[in-house]
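K.L.:
This is the content of upload-v1.txt (compact mmCIF, C-alpha atoms):
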```
# COMPACT_ATOMS: atom_id res chain seq x y z
CA MET W 1 -38.76 -11.12 -50.55
CA THR W 2 -39.50 -11.08 -54.28
CA PRO W 3 -40.30 -14.61 -55.56
CA GLY W 4 -37.51 -16.07 -57.67
CA TRP W 5 -39.77 -16.63 -60.69
CA ILE W 6 -40.64 -12.94 -61.10
CA VAL W 7 -37.23 -11.89 -62.46
CA PRO W 8 -37.10 -14.57 -65.22
CA VAL W 9 -40.72 -13.87 -66.22
CA ALA W 10 -40.06 -10.14 -66.33
CA ALA W 11 -36.99 -10.76 -68.46
CA VAL W 12 -39.07 -12.80 -70.90
CA VAL W 13 -41.70 -10.07 -71.11
CA VAL W 14 -39.04 -7.42 -71.80
CA LEU W 15 -37.49 -9.68 -74.44
CA LEU W 16 -40.85 -10.15 -76.17
CA VAL W 17 -41.47 -6.40 -76.16
CA ILE W 18 -38.06 -5.76 -77.69
CA VAL W 19 -38.63 -8.44 -80.33
CA ALA W 20 -42.00 -6.90 -81.19
CA LEU W 21 -40.44 -3.44 -81.50
CA VAL W 22 -37.66 -4.73 -83.72
CA ALA W 23 -40.16 -6.60 -85.89
CA THR W 24 -42.24 -3.46 -86.21
CA ARG W 25 -39.21 -1.44 -87.22
CA LYS W 26 -38.25 -4.07 -89.79
CA ARG W 27 -41.74 -3.94 -91.32
CA GLY W 28 -41.02 -0.34 -92.14
CA ALA W 29 -42.85 1.37 -89.29
CA ARG W 30 -41.52 4.88 -88.86
CA ALA W 31 -39.64 5.58 -85.65
CA THR W 32 -41.11 8.30 -83.47
CA PRO W 33 -39.22 10.62 -81.10
CA THR W 34 -40.80 8.78 -78.20
CA SER W 35 -39.73 5.34 -79.43
CA LEU W 36 -36.23 6.63 -80.15
CA TYR W 37 -35.99 8.13 -76.65
CA ILE W 38 -37.10 4.84 -75.10
CA GLU W 39 -34.51 3.00 -77.17
CA ALA W 40 -31.87 5.46 -76.02
CA LEU W 41 -32.72 4.82 -72.37
CA ASP W 42 -32.65 1.06 -73.02
CA SER W 43 -29.22 1.44 -74.58
CA LEU W 44 -28.00 3.37 -71.56
CA LEU W 45 -29.27 0.65 -69.26
CA ALA W 46 -27.47 -1.92 -71.42
CA GLY W 47 -24.25 0.07 -71.20
CA ASP W 48 -24.19 0.95 -74.91
CA GLU W 49 -23.45 4.66 -74.58
CA SER W 50 -22.48 5.14 -78.23
CA ARG W 51 -25.85 3.89 -79.49
CA ALA W 52 -27.66 5.88 -76.78
CA LEU W 53 -25.84 9.02 -77.90
CA ASP W 54 -26.84 8.49 -81.54
CA LEU W 55 -30.46 7.83 -80.59
CA LEU W 56 -30.65 10.92 -78.38
CA LYS W 57 -29.24 13.07 -81.17
CA GLU W 58 -31.88 11.72 -83.53
CA THR W 59 -34.59 12.25 -80.91
CA VAL W 60 -33.84 15.94 -80.43
CA ARG W 61 -33.44 16.40 -84.18
CA MET W 62 -36.96 15.08 -84.71
CA ASP W 63 -38.47 16.75 -81.64
CA SER W 64 -36.72 19.86 -80.35
CA GLY W 65 -39.31 20.11 -77.61
CA ASN W 66 -38.21 16.90 -75.89
CA VAL W 67 -36.52 18.58 -72.93
CA ALA W 68 -35.74 15.31 -71.14
CA ALA W 69 -33.88 14.02 -74.19
CA TYR W 70 -31.86 17.22 -74.44
CA ILE W 71 -30.85 17.05 -70.78
CA LYS W 72 -29.91 13.37 -71.04
CA LEU W 73 -27.93 14.08 -74.23
CA GLY W 74 -25.96 16.82 -72.49
CA THR W 75 -25.23 14.61 -69.52
CA LEU W 76 -23.99 11.81 -71.76
CA LEU W 77 -21.77 14.22 -73.69
CA ARG W 78 -20.23 15.47 -70.44
CA GLU W 79 -19.54 11.94 -69.28
CA ARG W 80 -17.80 11.31 -72.62
CA GLY W 81 -15.57 14.35 -72.15
CA GLU W 82 -17.42 16.78 -74.45
CA VAL W 83 -18.02 19.24 -71.65
CA GLY W 84 -18.36 22.33 -73.86
CA ARG W 85 -21.22 20.84 -75.87
CA ALA W 86 -22.87 19.58 -72.70
CA THR W 87 -22.69 23.04 -71.16
CA ARG W 88 -24.29 24.69 -74.19
CA ILE W 89 -27.13 22.19 -74.23
CA HIS W 90 -27.93 22.42 -70.52
CA ARG W 91 -27.66 26.22 -70.51
CA GLU W 92 -30.00 26.49 -73.51
CA VAL W 93 -32.54 24.19 -71.87
CA SER W 94 -32.43 26.05 -68.54
CA ILE W 95 -33.44 29.37 -70.14
CA ARG W 96 -36.18 28.05 -72.38
CA PRO W 97 -39.45 29.95 -71.99
CA ARG W 98 -42.37 28.10 -70.43
CA ILE W 99 -40.19 25.21 -69.29
CA ASP W 100 -41.67 23.42 -66.27
CA SER W 101 -39.92 23.91 -62.93
CA ALA W 102 -38.77 20.30 -62.48
CA ALA W 103 -37.09 20.21 -65.90
CA CYS W 104 -35.47 23.59 -65.31
CA GLU W 105 -34.08 22.48 -61.94
CA LEU W 106 -32.69 19.32 -63.51
CA ALA W 107 -31.05 21.32 -66.30
CA LEU W 108 -29.50 23.71 -63.78
CA SER W 109 -28.20 20.80 -61.69
CA GLU W 110 -26.55 19.30 -64.75
CA LEU W 111 -25.21 22.70 -65.82
CA ALA W 112 -23.55 23.11 -62.42
CA LEU W 113 -21.90 19.73 -62.92
CA ASP W 114 -20.77 20.84 -66.40
CA TYR W 115 -19.08 23.94 -64.97
CA THR W 116 -17.52 21.83 -62.22
CA ALA W 117 -16.11 19.44 -64.83
CA GLN W 118 -14.62 22.48 -66.61
CA GLY W 119 -13.01 23.61 -63.37
CA ASN W 120 -15.08 26.79 -63.38
CA SER W 121 -16.26 26.74 -59.77
CA ASP W 122 -17.45 30.37 -59.85
CA LYS W 123 -20.01 29.66 -62.56
CA ALA W 124 -20.89 26.36 -60.89
CA VAL W 125 -21.67 28.13 -57.61
CA ALA W 126 -23.61 30.86 -59.40
CA THR W 127 -25.69 28.20 -61.12
CA LEU W 128 -26.34 26.46 -57.82
CA GLU W 129 -27.36 29.79 -56.31
CA GLU W 130 -29.90 30.18 -59.12
CA LEU W 131 -31.12 26.66 -58.43
CA ARG W 132 -31.47 27.49 -54.75
CA ARG W 133 -33.45 30.65 -55.53
CA ARG W 134 -35.87 28.58 -57.57
CA ASN W 135 -36.20 25.87 -54.92
CA ARG W 136 -35.14 26.65 -51.36
CA LYS W 137 -35.37 22.97 -50.44
CA HIS W 138 -33.19 21.62 -53.25
CA VAL W 139 -30.71 19.43 -51.34
CA PHE W 140 -28.28 19.08 -54.26
CA ALA W 141 -27.90 22.86 -54.54
CA TYR W 142 -26.60 23.17 -50.97
CA GLU W 143 -24.58 19.96 -50.95
CA ALA W 144 -22.78 20.66 -54.24
CA ALA W 145 -22.09 24.29 -53.34
CA ALA W 146 -20.66 23.25 -49.97
CA GLN W 147 -18.38 20.70 -51.60
CA LEU W 148 -17.10 23.29 -54.08
CA MET W 149 -16.31 25.70 -51.26
CA GLU W 150 -14.55 22.95 -49.34
CA GLU W 151 -12.39 22.12 -52.35
CA ARG W 152 -11.45 25.80 -52.56
CA GLY W 153 -10.65 25.89 -48.85
CA GLU W 154 -13.36 28.48 -48.21
CA TRP W 155 -14.54 26.83 -45.04
CA ASP W 156 -16.68 29.71 -43.76
CA ARG W 157 -18.78 29.80 -46.94
CA ALA W 158 -18.95 26.02 -46.98
CA TYR W 159 -20.24 26.10 -43.42
CA GLU W 160 -22.99 28.53 -44.38
CA PHE W 161 -24.14 26.17 -47.11
CA ARG W 162 -23.96 23.25 -44.68
CA LYS W 163 -26.10 25.11 -42.16
CA GLU W 164 -28.72 25.82 -44.81
CA LEU W 165 -28.59 22.19 -45.89
CA GLN W 166 -29.23 20.96 -42.37
CA LYS W 167 -32.28 23.20 -42.12
CA VAL W 168 -33.67 21.38 -45.14
CA VAL W 169 -32.81 17.79 -44.22
CA GLY W 170 -33.00 18.16 -40.45
CA ASP W 171 -30.11 17.63 -38.06
CA ASN W 172 -29.56 17.35 -34.32
CA GLY W 173 -26.21 19.12 -34.61
CA GLU W 174 -24.09 16.04 -35.29
CA ALA W 175 -23.34 16.79 -38.95
CA LEU W 176 -22.41 20.42 -38.38
CA ALA W 177 -20.28 19.44 -35.40
CA ALA W 178 -18.42 16.91 -37.55
CA PHE W 179 -17.81 19.64 -40.13
CA GLN W 180 -16.38 21.98 -37.51
CA ALA W 181 -14.22 19.20 -36.09
CA PHE W 182 -12.81 18.46 -39.53
CA VAL W 183 -12.00 22.14 -40.16
CA GLY W 184 -10.39 22.27 -36.72
CA ARG W 185 -8.21 19.33 -37.69
CA GLU W 186 -7.19 21.14 -40.89
CA ARG W 187 -6.29 24.25 -38.89
CA ALA W 188 -4.23 22.16 -36.48
CA LEU W 189 -2.33 20.54 -39.35
CA GLU W 190 -1.59 24.03 -40.69
CA GLY W 191 -0.13 25.00 -37.29
CA ASP W 192 -3.03 27.27 -36.36
CA ALA W 193 -3.73 25.93 -32.87
CA LYS W 194 -5.88 28.91 -31.89
CA GLY W 195 -8.06 28.56 -34.97
CA ALA W 196 -8.33 24.82 -34.38
CA ARG W 197 -9.52 25.35 -30.80
CA GLU W 198 -12.22 27.75 -31.99
CA HIS W 199 -13.58 25.18 -34.42
CA PHE W 200 -13.48 22.42 -31.79
CA LYS W 201 -15.34 24.72 -29.41
CA GLU W 202 -18.03 25.30 -32.05
CA ALA W 203 -18.20 21.56 -32.69
CA PHE W 204 -18.87 20.84 -29.03
CA ARG W 205 -21.44 23.66 -28.95
CA ARG W 206 -23.30 21.93 -31.77
CA ASP W 207 -22.89 18.45 -30.31
CA LYS W 208 -21.47 18.23 -26.79
CA HIS W 209 -20.35 14.64 -27.35
CA SER W 210 -19.06 14.98 -30.91
CA LEU W 211 -16.98 11.92 -31.75
CA PRO W 212 -14.66 13.58 -34.30
CA ALA W 213 -14.22 16.59 -32.01
CA TYR W 214 -13.10 14.31 -29.16
CA LEU W 215 -10.63 12.59 -31.48
CA PHE W 216 -9.14 15.66 -33.15
CA ALA W 217 -9.15 17.91 -30.07
CA GLY W 218 -7.30 15.13 -28.27
CA ASP W 219 -4.79 14.96 -31.12
CA LEU W 220 -4.11 18.69 -30.77
CA LYS W 221 -3.63 18.41 -27.01
CA TYR W 222 -1.23 15.51 -27.52
CA GLN W 223 0.81 17.49 -30.05
CA GLN W 224 1.05 20.31 -27.52
CA GLY W 225 2.32 17.89 -24.88
CA LYS W 226 -0.85 18.19 -22.77
CA LEU W 227 -1.16 14.47 -22.12
CA GLU W 228 -3.83 14.60 -19.41
CA ASP W 229 -6.12 16.74 -21.57
CA ALA W 230 -5.53 14.47 -24.58
CA ILE W 231 -6.29 11.38 -22.52
CA ASP W 232 -9.45 12.97 -21.15
CA HIS W 233 -10.75 13.71 -24.67
CA TRP W 234 -10.03 10.16 -25.80
CA ARG W 235 -11.52 8.63 -22.67
CA ASN W 236 -14.68 10.56 -23.52
CA VAL W 237 -14.90 8.54 -26.71
CA ILE W 238 -15.17 5.42 -24.55
CA ARG W 239 -17.62 7.07 -22.17
CA HIS W 240 -19.99 8.32 -24.87
CA HIS W 241 -19.16 6.26 -27.98
CA VAL W 242 -17.97 2.92 -26.65
CA GLU W 243 -18.82 1.24 -29.98
CA HIS W 244 -16.00 3.30 -31.52
CA ALA W 245 -13.49 2.68 -28.74
CA ARG W 246 -10.98 0.99 -31.03
CA TRP W 247 -10.21 4.33 -32.70
CA VAL W 248 -8.59 5.62 -29.52
CA TYR W 249 -6.60 2.55 -28.47
CA GLY W 250 -3.51 3.55 -30.45
CA ARG W 251 -3.78 7.13 -29.27
CA LEU W 252 -4.18 6.16 -25.62
CA LYS W 253 -1.29 3.68 -25.77
CA LYS W 254 1.08 6.42 -26.96
CA ALA W 255 -0.17 8.92 -24.39
CA TYR W 256 0.00 6.48 -21.47
CA PHE W 257 3.44 5.30 -22.59
CA ASP W 258 4.71 8.89 -22.68
CA ALA W 259 3.20 9.47 -19.24
CA GLY W 260 4.81 6.32 -17.85
CA GLN W 261 1.41 4.76 -17.24
CA TYR W 262 1.26 2.16 -20.01
CA GLY W 263 -0.27 -0.42 -17.67
CA LYS W 264 -3.49 1.60 -17.53
CA MET W 265 -4.40 0.25 -20.95
CA VAL W 266 -5.63 -2.92 -19.24
CA ASP W 267 -8.17 -0.80 -17.35
CA ILE W 268 -9.28 0.74 -20.65
CA TYR W 269 -9.85 -2.65 -22.26
CA GLU W 270 -11.65 -4.02 -19.22
CA GLU W 271 -13.91 -0.97 -19.10
CA VAL W 272 -14.93 -1.48 -22.72
CA LEU W 273 -15.43 -5.22 -22.27
CA SER W 274 -17.60 -4.64 -19.22
CA ARG W 275 -20.01 -2.78 -21.52
CA ARG W 276 -19.41 -4.75 -24.70
CA PRO W 277 -18.52 -8.33 -23.73
CA GLY W 278 -16.90 -10.20 -26.56
CA ASP W 279 -15.94 -7.07 -28.52
CA VAL W 280 -13.45 -8.50 -31.01
CA PRO W 281 -11.26 -5.40 -31.66
CA THR W 282 -10.89 -4.92 -27.91
CA LEU W 283 -10.02 -8.55 -27.21
CA LEU W 284 -7.45 -8.51 -30.01
CA ALA W 285 -5.99 -5.26 -28.67
CA MET W 286 -5.81 -6.78 -25.19
CA ALA W 287 -4.16 -9.91 -26.56
CA ASP W 288 -1.59 -7.80 -28.37
CA PHE W 289 -0.95 -5.79 -25.21
CA HIS W 290 -0.28 -8.90 -23.11
CA ARG W 291 1.78 -10.54 -25.85
CA LYS W 292 4.10 -7.55 -26.12
CA LYS W 293 4.52 -7.58 -22.34
CA GLY W 294 5.47 -11.25 -22.55
CA ASP W 295 2.36 -12.50 -20.77
CA LEU W 296 1.47 -15.13 -23.37
CA GLU W 297 -1.04 -16.95 -21.17
CA GLU W 298 -3.19 -13.83 -20.79
CA ALA W 299 -2.82 -13.15 -24.51
CA GLU W 300 -4.06 -16.66 -25.27
CA ARG W 301 -7.02 -16.21 -22.94
CA SER W 302 -8.08 -13.04 -24.75
CA VAL W 303 -7.93 -14.69 -28.17
CA SER W 304 -9.69 -17.80 -26.89
CA ARG W 305 -12.63 -15.64 -25.77
CA ILE W 306 -13.08 -14.56 -29.38
CA LEU W 307 -12.99 -18.14 -30.67
CA GLU W 308 -15.49 -19.28 -28.05
CA ASP W 309 -18.06 -16.91 -29.57
CA ASP W 310 -16.97 -17.36 -33.18
CA PRO W 311 -14.84 -20.42 -33.96
CA GLU W 312 -14.68 -19.25 -37.60
CA ASP W 313 -12.84 -16.00 -36.81
CA ARG W 314 -9.77 -16.38 -39.02
CA LEU W 315 -7.64 -13.60 -37.56
CA ALA W 316 -8.14 -14.89 -34.02
CA GLY W 317 -7.30 -18.40 -35.24
CA ILE W 318 -3.97 -17.43 -36.76
CA TYR W 319 -3.16 -15.18 -33.80
CA LEU W 320 -3.76 -18.12 -31.46
CA GLY W 321 -1.33 -20.22 -33.48
CA LEU W 322 1.28 -17.44 -33.28
CA ILE W 323 0.93 -17.17 -29.49
CA GLN W 324 1.16 -20.93 -29.03
CA ALA W 325 4.25 -21.06 -31.22
CA GLU W 326 5.86 -18.38 -29.07
CA GLN W 327 5.00 -20.46 -26.01
CA GLY W 328 6.94 -23.33 -27.56
CA ASP W 329 3.81 -25.46 -27.92
CA THR W 330 4.55 -26.50 -31.50
CA ASP W 331 1.88 -29.17 -31.76
CA ARG W 332 -0.96 -26.89 -30.72
CA ALA W 333 0.41 -24.07 -32.88
CA VAL W 334 0.55 -26.30 -35.95
CA SER W 335 -2.97 -27.57 -35.25
CA ALA W 336 -4.34 -24.02 -34.89
CA LEU W 337 -2.64 -22.83 -38.07
CA ALA W 338 -3.71 -25.93 -40.01
CA ASP W 339 -7.30 -25.26 -38.91
CA PHE W 340 -6.95 -21.67 -40.09
CA VAL W 341 -5.59 -22.78 -43.49
CA GLU W 342 -8.48 -25.23 -43.93
CA LYS W 343 -11.08 -22.57 -43.12
CA GLU W 344 -9.42 -20.16 -45.53
CA ARG W 345 -9.34 -22.81 -48.26
CA ARG W 346 -13.04 -23.57 -47.77
CA SER W 347 -13.96 -19.90 -47.84
CA ARG W 348 -12.15 -19.43 -51.15
CA GLU W 349 -14.07 -22.32 -52.66
CA LEU W 350 -17.39 -20.83 -51.59
CA LEU W 351 -19.45 -19.49 -54.50
CA VAL W 352 -22.00 -16.72 -54.17
CA CYS W 353 -24.95 -16.12 -56.48
CA SER W 354 -24.52 -12.73 -58.15
CA ARG W 355 -28.27 -12.16 -58.03
CA CYS W 356 -29.46 -13.22 -54.57
CA GLU W 357 -26.14 -13.96 -52.74
CA HIS W 358 -27.03 -17.60 -52.05
CA GLU W 359 -23.86 -19.45 -51.01
CA THR W 360 -22.73 -22.90 -52.11
CA ASP W 361 -19.50 -24.88 -52.28
CA GLU W 362 -20.62 -26.58 -55.49
CA LEU W 363 -20.52 -25.08 -58.97
CA LEU W 364 -24.18 -24.76 -59.93
CA TRP W 365 -25.58 -23.53 -63.24
CA ARG W 366 -28.96 -22.63 -61.76
CA CYS W 367 -29.45 -20.99 -58.38
CA PRO W 368 -31.77 -23.04 -56.15
CA ARG W 369 -33.01 -19.90 -54.39
CA CYS W 370 -33.76 -17.36 -57.15
CA GLY W 371 -33.66 -19.57 -60.24
CA GLY W 372 -30.95 -17.51 -61.92
CA TRP W 373 -28.82 -19.19 -64.58
CA ARG W 374 -25.00 -19.03 -64.59
CA THR W 375 -25.06 -16.71 -61.59
CA PHE W 376 -22.32 -18.65 -59.78
CA LEU W 377 -19.77 -18.48 -62.59
CA GLN W 378 -16.85 -16.22 -61.77
CA ASP W 379 -14.11 -14.73 -63.89
CA GLU W 380 -11.11 -16.96 -63.23
CA SER W 381 -8.86 -15.48 -65.90
```
Could you write out this file's structure as structure tokens?

P.N.:
Amino acid sequence: MTPGWIVPVAAVVVLLVIVALVATRKRGARATPTSLYIEALDSLLAGDESRALDLLKETVRMDSGNVAAYIKLGTLLRERGEVGRATRIHREVSIRPRIDSAACELALSELALDYTAQGNSDKAVATLEELRRRNRKHVFAYEAAAQLMEERGEWDRAYEFRKELQKVVGDNGEALAAFQAFVGRERALEGDAKGAREHFKEAFRRDKHSLPAYLFAGDLKYQQGKLEDAIDHWRNVIRHHVEHARWVYGRLKKAYFDAGQYGKMVDIYEEVLSRRPGDVPTLLAMADFHRKKGDLEEAERSVSRILEDDPEDRLAGIYLGLIQAEQGDTDRAVSALADFVEKERRSRELLVCSRCEHETDELLWRCPRCGGWRTFLQDES
């Protein structure tokens, strides 16, 4: 971990440099394009976009060969809503003769974003295609093009870009499977069950245990009234992705209820807990299941298991009070809820250092861990 004294010392050094620069300027030293560009970047870091914009304009006026300044100027103009000017600047930079490849690729990337901001996706994609021709491993070119195609609903073209992207970044099939599962879900929502099944099939071909494919294929089966098939898909989530089991609890409860087998949910919860003892979402789901069936003692046992592992769990604490109140045990319910209120009060009084996240329940002006000043003060307006 970085020693706490480094940040203050670095701040002092930066301050001294700035003071020296200001003093030099005041003595009449002439500003150079380089010094202006550095000031512009400093202004951007400080959040002073107006000053940064003025400095960048002056930089490129003094030195038309400062490609980096031109690109940054265009980007800042786009972010301020002057998309037309930004586009002209980035396009002009991208076609400059003898421009180095890195600068050209950056200009093209920004130009694609300019066209996107204009709503001109055709020119944005064409620009990204040019970027891809220049650098076949340019991740942004594939990612941005895929997103544009997705926004246009051109899923087949988007998939082609995604496949190319995965060749560059490497993938075991999971990302492409998730894409196919998502498109399948869109097809299902549009009422195209056949198209949805084709995409789910491709998802499972890419990743035979695709989590989103299990979820969405199960949803389609449930909508078609094929309860056993839906349940099988969702049970596969527990078999192969037990850490995500909570995402199928609601689905399985509806399916088992419709099938007249609601009691099987206990088996589901027990199966998960046998592999993930103390899993909080599962214990809460089990508690809720027993509570709704009127078995308050079992519900209390489930919640108590959470509090045994983590006495500070606030949701379990208030749930315990609710169950005890429903049991008619007013004293214990009041005690549990009072404990919850006290923990909540203490947590709201806890202050966290904005620099190093050190926690304290006392208002300090200097952090004892990193040495930061006024890092615990919060906006209480």

K.L.:
Contacts of Pro33 (chain W) at 6 Å or less, counting all atoms listed in the file, minus same-chain residues fewer than 2 places along, as a PDB file with C-alpha atoms, in the coordinates of the input?

P.N.:
```pdb
ATOM      1  CA  SER W  35     -39.730   5.340 -79.430  1.00  0.00           C
ATOM      2  CA  LEU W  36     -36.230   6.630 -80.150  1.00  0.00           C
ATOM      3  CA  THR W  59     -34.590  12.250 -80.910  1.00  0.00           C
TER       4      THR W  59
END
```

K.L.:
Give me the residues near Leu176 (chain W) as a list in words, where near means some atom within 12 Å (using all atoms listed in the file) and where sequence neighbours in that chain fewer than 4 positions away do not count.

P.N.:
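That gives Ala158, Tyr159, Glu160, Phe161, Arg162, Lys163, Glu164, Leu165, Gln166, Lys167, Gly170, Asp171, Asn172, Gln180, Ala181, Phe182, Val183, His199, Phe200, Glu202, Ala203, Phe204, Arg205, Arg206, Asp207, Lys208, Ser210, Pro212 and Ala213 of chain W.
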
K.L.:
Can you tell me, as a list in words, what residues are no more than 12 Å from Lys221 (chain W) when counting all atoms listed in the file, ignoring any on the same chain fewer than 2 positions away?

P.N.:
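The residues satisfying every condition are Arg185, Ala188, Ala193, Lys194, Ala196, Arg197, Phe200, Ala213, Tyr214, Leu215, Phe216, Ala217, Gly218, Asp219, Gln223, Gln224, Gly225, Lys226, Leu227, Glu228, Asp229, Ala230, Ile231, Asp232, His233, Trp234, Arg251 and Ala255 of chain W.
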
K.L.:
Hey, what's within 10 Å of Leu73 (chain W) if we count only C-alpha atoms and toss same-chain stuff fewer than 3 positions away? As a ChimeraX atom specification, please?

P.N.:
/W:40,52-57,59-60,67-70,76-79,85-86,89-90

K.L.:
Would you compute the distance between CA of Phe140 (chain W) and CA of Arg96 (chain W)? Give it in Å to one decimal.

P.N.:
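Straight-line distance from CA of Phe140 (chain W) to CA of Arg96 (chain W) works out to 21.7 Å.
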
K.L.:
Hey, can you check how far CA of Asp267 (chain W) sits from CA of Leu283 (chain W)?

P.N.:
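About the pair CA of Asp267 (chain W) and CA of Leu283 (chain W): they are 12.7 Å apart.
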
K.L.:
If I take CA of His290 (chain W) and CA of Ile238 (chain W), how far is one from the other in Å, to one decimal?

P.N.:
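So the answer is 20.7 Å.
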
K.L.:
Could you check the closest approach to Glu58 (chain W) for each of W:Thr32, W:Thr127, W:Ser304, W:Glu312 and tell me which residue wins, using all atoms listed in the file?

P.N.:
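Looking at the shortest contact to Glu58 (chain W), the residue is W:Thr32.
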
K.L.:
Do you know which residues are at most 12 Å from Gly119 (chain W) counting only C-alpha atoms, after dropping those on the same chain fewer than 5 positions away, and could you put them as an MDAnalysis selection string?

P.N.:
chainID W and resid 83:84 112:114 124:125 148 151:152

K.L.:
Now that the selection is made, can you save its residues with C-alpha atoms as an mmCIF file, in the frame of the given file?

P.N.:
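Result file is selection.cif:
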```cif
data_model
loop_
_atom_site.group_PDB
_atom_site.id
_atom_site.type_symbol
_atom_site.label_atom_id
_atom_site.label_comp_id
_atom_site.auth_asym_id
_atom_site.auth_seq_id
_atom_site.Cartn_x
_atom_site.Cartn_y
_atom_site.Cartn_z
ATOM 1 C CA VAL W 83 -18.020 19.240 -71.650
ATOM 2 C CA GLY W 84 -18.360 22.330 -73.860
ATOM 3 C CA ALA W 112 -23.550 23.110 -62.420
ATOM 4 C CA LEU W 113 -21.900 19.730 -62.920
ATOM 5 C CA ASP W 114 -20.770 20.840 -66.400
ATOM 6 C CA ALA W 124 -20.890 26.360 -60.890
ATOM 7 C CA VAL W 125 -21.670 28.130 -57.610
ATOM 8 C CA LEU W 148 -17.100 23.290 -54.080
ATOM 9 C CA GLU W 151 -12.390 22.120 -52.350
ATOM 10 C CA ARG W 152 -11.450 25.800 -52.560
#
```

K.L.:
When distances are computed from only C-alpha atoms, which of W:Lys123, W:Arg314, W:Arg275, W:Arg301 shows the smallest separation from His241 (chain W)?

P.N.:
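Of W:Lys123, W:Arg314, W:Arg275, W:Arg301, the one nearest His241 (chain W) is W:Arg275, counting only C-alpha atoms.
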
K.L.:
From the options W:Gln327, W:Ser121, W:Arg61, W:Val93, which residue's atoms come nearest to Asp295 (chain W), counting only C-alpha atoms?

P.N.:
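Checking each candidate against Asp295 (chain W), we get W:Gln327 as the closest.
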
K.L.:
If I wrap all listed atoms of region 244-249 of chain W in a box with edges along x, y and z and add 4 Å on each side, what are its centre and edge lengths in Å to one decimal, as JSON?

P.N.:
```
{"center_x": -11.3, "center_y": 3.3, "center_z": -30.6, "size_x": 17.4, "size_y": 12.6, "size_z": 12.2}
```

K.L.:
My list of candidates is W:Ile268, W:Ile306, W:Leu131, W:Cys367. Which is closest to Leu106 (chain W) when distances are computed with all atoms listed in the file?

P.N.:
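For Leu106 (chain W), the nearest of the given residues is W:Leu131.
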